[in-house]
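J.: I have a structure I would like to understand better, so I am pasting it below and will then ask my questions one at a time.
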Amino acid sequence: MADIKTQKHDAIVLSSQSEKDLQRNFFELFHNAPIPDDEIMANLGLFLSSKSLSRVLFFYEIYKKILNTHGMIMEFGVRWGQTLSILAALRGIFEPFNRHRKIVGFDTFSGFIGMGDEDGKLCKTVDGSFSVSEGYQQYLENVLALQEALNPISHLKKFELVSGDATLTIPAYLKRQPETLVSLAIFDFDIYKPTKAALEAVKPHLFKGSVLVFDELGDDIFPGETIALREVFNLNDLKIERHPMTARVSYVVL
Ligand SMILES: C[S@@+](CC[C@H](N)C(=O)[O-])C[C@H]1O[C@@H](n2cnc3c(N)ncnc32)[C@H](O)[C@@H]1O
């Protein structure tokens, strides 16, 4: 498994070596783009591969499912924050005045905490894997603040990054914010312990119509996410669906 890990942050990337070489070439083209600064941000679609675009399209489909439901969005496992930023952009498109559609992300911002036996042997990750660069949380705050500033009612902050071990921070958040209704919950901690804690804590804040998204259900590299779901919900009660454009991500509408 060593060759599927990134060097700096011990993250898993399943691309083959030839795919990685092509991605490297793509990165070089991006890095050396002969496009002036005042035009490059409007042309980022140039560099979206089918794989990257499929994740955006998946969340576009998911966002449409929550439009007529009340409540906020929570992501469990944020890392570089791409999903949070896509969701903030989708909120700006679909419902720029919905101040109740807060977006809250939970992460240590220093990698996994709580690896255990349920996580199996294939992933070969340890506590601290999937870390991010020093000071990254502040950088992401700045990105999300700009996403908000580009849309109406930006004087009302509608996002929050909650840092620390999720087994502690999620219950603490929900105790502090008992009015929380969760219309969309995205489970992407990868590992058992924080996933189970998130499912247990958030369950009383879900309702008929809430959408749950899972990044690793049925995944043999990270079995802990499926075990956690089986322990907190009765699988027979859930219809686990997917969109054809993404292989790994699945969702449930309660
Ligand atoms: C696969 S990454 C999330 C990727 C992200 N959802 C995205 O769309 O790019 C998994 C994240 O879970 C976080 N994580 C793992 N265990 C955690 C814990 N006990 N508490 C908080 N965050 C944790 C890691 O720090 C890591 O950033």
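Identifiers in the structure tokens: chain A, B, ... in order shown; residue index from 1 per chain; ligand index from 1 in order shown.
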Please identify all protein, DNA and RNA residues within 6 Å of ligand 1, counting only C-alpha atoms and all ligand atoms, and report them as a PDB file with N, CA, C and O atoms, in the first residue's frame.
T.:
```
ATOM      1  N   GLY A  77     -15.409  15.634   8.802  1.00  0.00           N
ATOM      2  CA  GLY A  77     -14.168  15.350   8.077  1.00  0.00           C
ATOM      3  C   GLY A  77     -14.048  16.334   6.923  1.00  0.00           C
ATOM      4  O   GLY A  77     -14.680  16.169   5.892  1.00  0.00           O
ATOM      5  N   VAL A  78     -13.252  17.375   7.114  1.00  0.00           N
ATOM      6  CA  VAL A  78     -13.203  18.518   6.195  1.00  0.00           C
ATOM      7  C   VAL A  78     -11.944  18.496   5.320  1.00  0.00           C
ATOM      8  O   VAL A  78     -11.977  18.798   4.142  1.00  0.00           O
ATOM      9  N   ARG A  79     -10.855  18.191   5.926  1.00  0.00           N
ATOM     10  CA  ARG A  79      -9.510  18.210   5.344  1.00  0.00           C
ATOM     11  C   ARG A  79      -9.232  19.543   4.636  1.00  0.00           C
ATOM     12  O   ARG A  79      -9.250  20.568   5.250  1.00  0.00           O
ATOM     13  N   TRP A  80      -8.992  19.554   3.279  1.00  0.00           N
ATOM     14  CA  TRP A  80      -8.655  20.827   2.623  1.00  0.00           C
ATOM     15  C   TRP A  80      -9.906  21.688   2.433  1.00  0.00           C
ATOM     16  O   TRP A  80      -9.799  22.847   2.029  1.00  0.00           O
ATOM     17  N   GLY A  81     -11.092  21.110   2.638  1.00  0.00           N
ATOM     18  CA  GLY A  81     -12.312  21.927   2.642  1.00  0.00           C
ATOM     19  C   GLY A  81     -12.981  22.103   1.286  1.00  0.00           C
ATOM     20  O   GLY A  81     -13.885  22.922   1.144  1.00  0.00           O
ATOM     21  N   GLN A  82     -12.561  21.297   0.299  1.00  0.00           N
ATOM     22  CA  GLN A  82     -13.139  21.460  -1.034  1.00  0.00           C
ATOM     23  C   GLN A  82     -14.661  21.301  -1.016  1.00  0.00           C
ATOM     24  O   GLN A  82     -15.392  22.078  -1.629  1.00  0.00           O
ATOM     25  N   THR A  83     -15.145  20.274  -0.285  1.00  0.00           N
ATOM     26  CA  THR A  83     -16.592  20.026  -0.276  1.00  0.00           C
ATOM     27  C   THR A  83     -17.338  21.194   0.368  1.00  0.00           C
ATOM     28  O   THR A  83     -18.374  21.638  -0.130  1.00  0.00           O
ATOM     29  N   PHE A 106     -16.403  19.802  10.814  1.00  0.00           N
ATOM     30  CA  PHE A 106     -15.667  19.306  11.988  1.00  0.00           C
ATOM     31  C   PHE A 106     -14.408  18.592  11.518  1.00  0.00           C
ATOM     32  O   PHE A 106     -14.466  17.708  10.661  1.00  0.00           O
ATOM     33  N   ASP A 107     -13.289  18.936  12.096  1.00  0.00           N
ATOM     34  CA  ASP A 107     -12.038  18.240  11.779  1.00  0.00           C
ATOM     35  C   ASP A 107     -11.014  18.575  12.871  1.00  0.00           C
ATOM     36  O   ASP A 107     -11.144  19.585  13.563  1.00  0.00           O
ATOM     37  N   THR A 108     -10.019  17.700  12.991  1.00  0.00           N
ATOM     38  CA  THR A 108      -8.912  18.034  13.905  1.00  0.00           C
ATOM     39  C   THR A 108      -8.003  19.080  13.270  1.00  0.00           C
ATOM     40  O   THR A 108      -7.273  19.780  13.964  1.00  0.00           O
ATOM     41  N   PHE A 109      -7.993  19.122  11.913  1.00  0.00           N
ATOM     42  CA  PHE A 109      -7.022  19.886  11.127  1.00  0.00           C
ATOM     43  C   PHE A 109      -5.594  19.452  11.457  1.00  0.00           C
ATOM     44  O   PHE A 109      -4.648  20.189  11.253  1.00  0.00           O
ATOM     45  N   SER A 110      -5.486  18.227  11.985  1.00  0.00           N
ATOM     46  CA  SER A 110      -4.143  17.636  12.177  1.00  0.00           C
ATOM     47  C   SER A 110      -4.203  16.129  11.894  1.00  0.00           C
ATOM     48  O   SER A 110      -3.352  15.381  12.361  1.00  0.00           O
ATOM     49  N   GLY A 111      -5.216  15.691  11.172  1.00  0.00           N
ATOM     50  CA  GLY A 111      -5.290  14.288  10.749  1.00  0.00           C
ATOM     51  C   GLY A 111      -6.135  13.420  11.665  1.00  0.00           C
ATOM     52  O   GLY A 111      -6.770  13.891  12.614  1.00  0.00           O
ATOM     53  N   PHE A 112      -6.124  12.110  11.356  1.00  0.00           N
ATOM     54  CA  PHE A 112      -6.958  11.149  12.079  1.00  0.00           C
ATOM     55  C   PHE A 112      -6.668  11.163  13.578  1.00  0.00           C
ATOM     56  O   PHE A 112      -5.518  11.257  13.996  1.00  0.00           O
ATOM     57  N   ILE A 113      -7.739  11.021  14.366  1.00  0.00           N
ATOM     58  CA  ILE A 113      -7.596  10.669  15.788  1.00  0.00           C
ATOM     59  C   ILE A 113      -8.587   9.537  16.051  1.00  0.00           C
ATOM     60  O   ILE A 113      -9.773   9.663  15.727  1.00  0.00           O
ATOM     61  N   GLY A 114      -8.116   8.415  16.592  1.00  0.00           N
ATOM     62  CA  GLY A 114      -9.024   7.352  17.010  1.00  0.00           C
ATOM     63  C   GLY A 114      -8.978   6.090  16.174  1.00  0.00           C
ATOM     64  O   GLY A 114      -9.913   5.297  16.220  1.00  0.00           O
ATOM     65  N   PHE A 130      -3.578  11.800   6.993  1.00  0.00           N
ATOM     66  CA  PHE A 130      -4.520  12.764   6.389  1.00  0.00           C
ATOM     67  C   PHE A 130      -4.478  14.113   7.111  1.00  0.00           C
ATOM     68  O   PHE A 130      -5.502  14.744   7.335  1.00  0.00           O
ATOM     69  N   SER A 131      -3.277  14.512   7.474  1.00  0.00           N
ATOM     70  CA  SER A 131      -3.139  15.831   8.108  1.00  0.00           C
ATOM     71  C   SER A 131      -3.212  16.926   7.029  1.00  0.00           C
ATOM     72  O   SER A 131      -3.358  16.615   5.843  1.00  0.00           O
ATOM     73  N   GLY A 164     -10.807  20.007  16.454  1.00  0.00           N
ATOM     74  CA  GLY A 164     -10.564  19.129  17.599  1.00  0.00           C
ATOM     75  C   GLY A 164     -11.104  17.732  17.337  1.00  0.00           C
ATOM     76  O   GLY A 164     -11.665  17.459  16.272  1.00  0.00           O
ATOM     77  N   ASP A 165     -10.926  16.850  18.327  1.00  0.00           N
ATOM     78  CA  ASP A 165     -11.399  15.466  18.193  1.00  0.00           C
ATOM     79  C   ASP A 165     -12.932  15.467  18.164  1.00  0.00           C
ATOM     80  O   ASP A 165     -13.587  15.875  19.135  1.00  0.00           O
ATOM     81  N   ALA A 166     -13.481  14.974  17.079  1.00  0.00           N
ATOM     82  CA  ALA A 166     -14.935  15.041  16.859  1.00  0.00           C
ATOM     83  C   ALA A 166     -15.735  14.279  17.910  1.00  0.00           C
ATOM     84  O   ALA A 166     -16.897  14.601  18.134  1.00  0.00           O
ATOM     85  N   ASP A 188     -17.371  11.804   6.449  1.00  0.00           N
ATOM     86  CA  ASP A 188     -16.121  11.543   5.708  1.00  0.00           C
ATOM     87  C   ASP A 188     -14.909  11.565   6.648  1.00  0.00           C
ATOM     88  O   ASP A 188     -13.862  12.101   6.305  1.00  0.00           O
ATOM     89  N   PHE A 189     -15.090  10.989   7.857  1.00  0.00           N
ATOM     90  CA  PHE A 189     -13.932  10.829   8.746  1.00  0.00           C
ATOM     91  C   PHE A 189     -13.090   9.621   8.338  1.00  0.00           C
ATOM     92  O   PHE A 189     -11.988   9.447   8.843  1.00  0.00           O
ATOM     93  N   ASP A 190     -13.658   8.762   7.519  1.00  0.00           N
ATOM     94  CA  ASP A 190     -13.016   7.523   7.043  1.00  0.00           C
ATOM     95  C   ASP A 190     -12.981   6.406   8.090  1.00  0.00           C
ATOM     96  O   ASP A 190     -13.082   5.237   7.744  1.00  0.00           O
ATOM     97  N   PRO A 194     -14.662   8.191  15.280  1.00  0.00           N
ATOM     98  CA  PRO A 194     -15.365   9.480  15.158  1.00  0.00           C
ATOM     99  C   PRO A 194     -16.642   9.381  14.330  1.00  0.00           C
ATOM    100  O   PRO A 194     -17.595  10.128  14.567  1.00  0.00           O
TER     101      PRO A 194
END
```
J.: Excluding Arg248 (chain A) and residues on its chain fewer than 5 positions from it, collect all residues at most 8 Å away from it, counting only C-alpha atoms, and give them as a ChimeraX atom specification.
T.: /A:215-217,219
J.: Could you list, as a list in words, every residue within 7 Å of Ala185 (chain A), counting only C-alpha atoms and ignoring same-chain residues fewer than 5 positions away?
T.: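 Surrounding residues, per the criterion: Ile73, Met74, Glu75, Val211, Leu212 and Val213 of chain A.
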J.: For all heavy atoms, I'd like the residues from the last selection saved as a compact mmCIF listing (two decimals), in the first residue's frame.
T.:
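Okay, this is what ended up in result20.txt:
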```txt
# COMPACT_ATOMS: atom_id res chain seq x y z
N ILE A 73 -26.22 22.30 7.14
CA ILE A 73 -25.35 21.29 6.54
C ILE A 73 -24.18 21.06 7.49
O ILE A 73 -23.58 22.02 8.00
CB ILE A 73 -24.80 21.80 5.19
CG1 ILE A 73 -25.95 22.00 4.19
CG2 ILE A 73 -23.74 20.84 4.63
CD1 ILE A 73 -25.55 22.66 2.89
N MET A 74 -23.88 19.79 7.76
CA MET A 74 -22.70 19.47 8.57
C MET A 74 -21.81 18.53 7.80
O MET A 74 -22.29 17.56 7.21
CB MET A 74 -23.10 18.78 9.88
CG MET A 74 -23.68 19.73 10.88
SD MET A 74 -23.94 18.86 12.45
CE MET A 74 -24.15 20.28 13.53
N GLU A 75 -20.51 18.83 7.80
CA GLU A 75 -19.57 17.88 7.21
C GLU A 75 -18.65 17.35 8.30
O GLU A 75 -18.00 18.12 9.02
CB GLU A 75 -18.73 18.50 6.09
CG GLU A 75 -17.93 17.39 5.40
CD GLU A 75 -16.98 17.85 4.31
OE1 GLU A 75 -16.44 18.97 4.43
OE2 GLU A 75 -16.76 17.09 3.36
N VAL A 211 -30.78 14.30 4.48
CA VAL A 211 -29.93 13.52 3.56
C VAL A 211 -28.60 13.22 4.25
O VAL A 211 -27.97 14.12 4.82
CB VAL A 211 -29.69 14.30 2.25
CG1 VAL A 211 -28.78 13.50 1.30
CG2 VAL A 211 -31.02 14.61 1.55
N LEU A 212 -28.20 11.95 4.22
CA LEU A 212 -26.91 11.54 4.77
C LEU A 212 -26.02 11.12 3.61
O LEU A 212 -26.43 10.31 2.77
CB LEU A 212 -27.06 10.35 5.73
CG LEU A 212 -28.17 10.38 6.77
CD1 LEU A 212 -28.10 9.14 7.66
CD2 LEU A 212 -28.07 11.64 7.61
N VAL A 213 -24.81 11.65 3.57
CA VAL A 213 -23.86 11.27 2.52
C VAL A 213 -22.69 10.54 3.17
O VAL A 213 -22.23 10.93 4.25
CB VAL A 213 -23.35 12.53 1.76
CG1 VAL A 213 -22.15 12.19 0.88
CG2 VAL A 213 -24.47 13.13 0.91
```
J.: Among the residues of region 24-252 of chain A, find those DSSP assigns to strand (DSSP E) from the backbone and print them as a PyMOL selection string.
T.: chain A and resi 72-76+103-107+159-163+182-187+211-214+250-252
J.: Measuring atom to atom with only C-alpha atoms, identify which of A:Val143, A:Leu181, A:Ile191, A:Val132 is nearest to Gly116 (chain A).
T.: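 Going through A:Val143, A:Leu181, A:Ile191, A:Val132 one by one, the smallest distance to Gly116 (chain A) is for A:Ile191.
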J.: Hey, could you make a per-residue contact list for region 153-246 of chain A against region 50-63 of chain A with 8 Å as the cut-off, showing the nearest pair of atoms and its distance in Å to one decimal, counting only C-alpha atoms, sorted by chain and number, as JSON lines?
T.:
```
{"residue": "A:Val211", "atom": "CA", "partner": "A:Ile62", "partner_atom": "CA", "distance": 7.9}
{"residue": "A:His243", "atom": "CA", "partner": "A:Phe58", "partner_atom": "CA", "distance": 7.0}
{"residue": "A:Met245", "atom": "CA", "partner": "A:Ser54", "partner_atom": "CA", "distance": 5.8}
{"residue": "A:Thr246", "atom": "CA", "partner": "A:Ser54", "partner_atom": "CA", "distance": 6.1}
```
J.: So that I can check the surroundings of Lys158 (chain A), please list as an MDAnalysis selection string every protein, DNA and RNA residue that reaches within 7 Å of it, counting only C-alpha atoms and ignoring chain neighbours fewer than 5 positions away.
T.: chainID A and resid 99 102:103
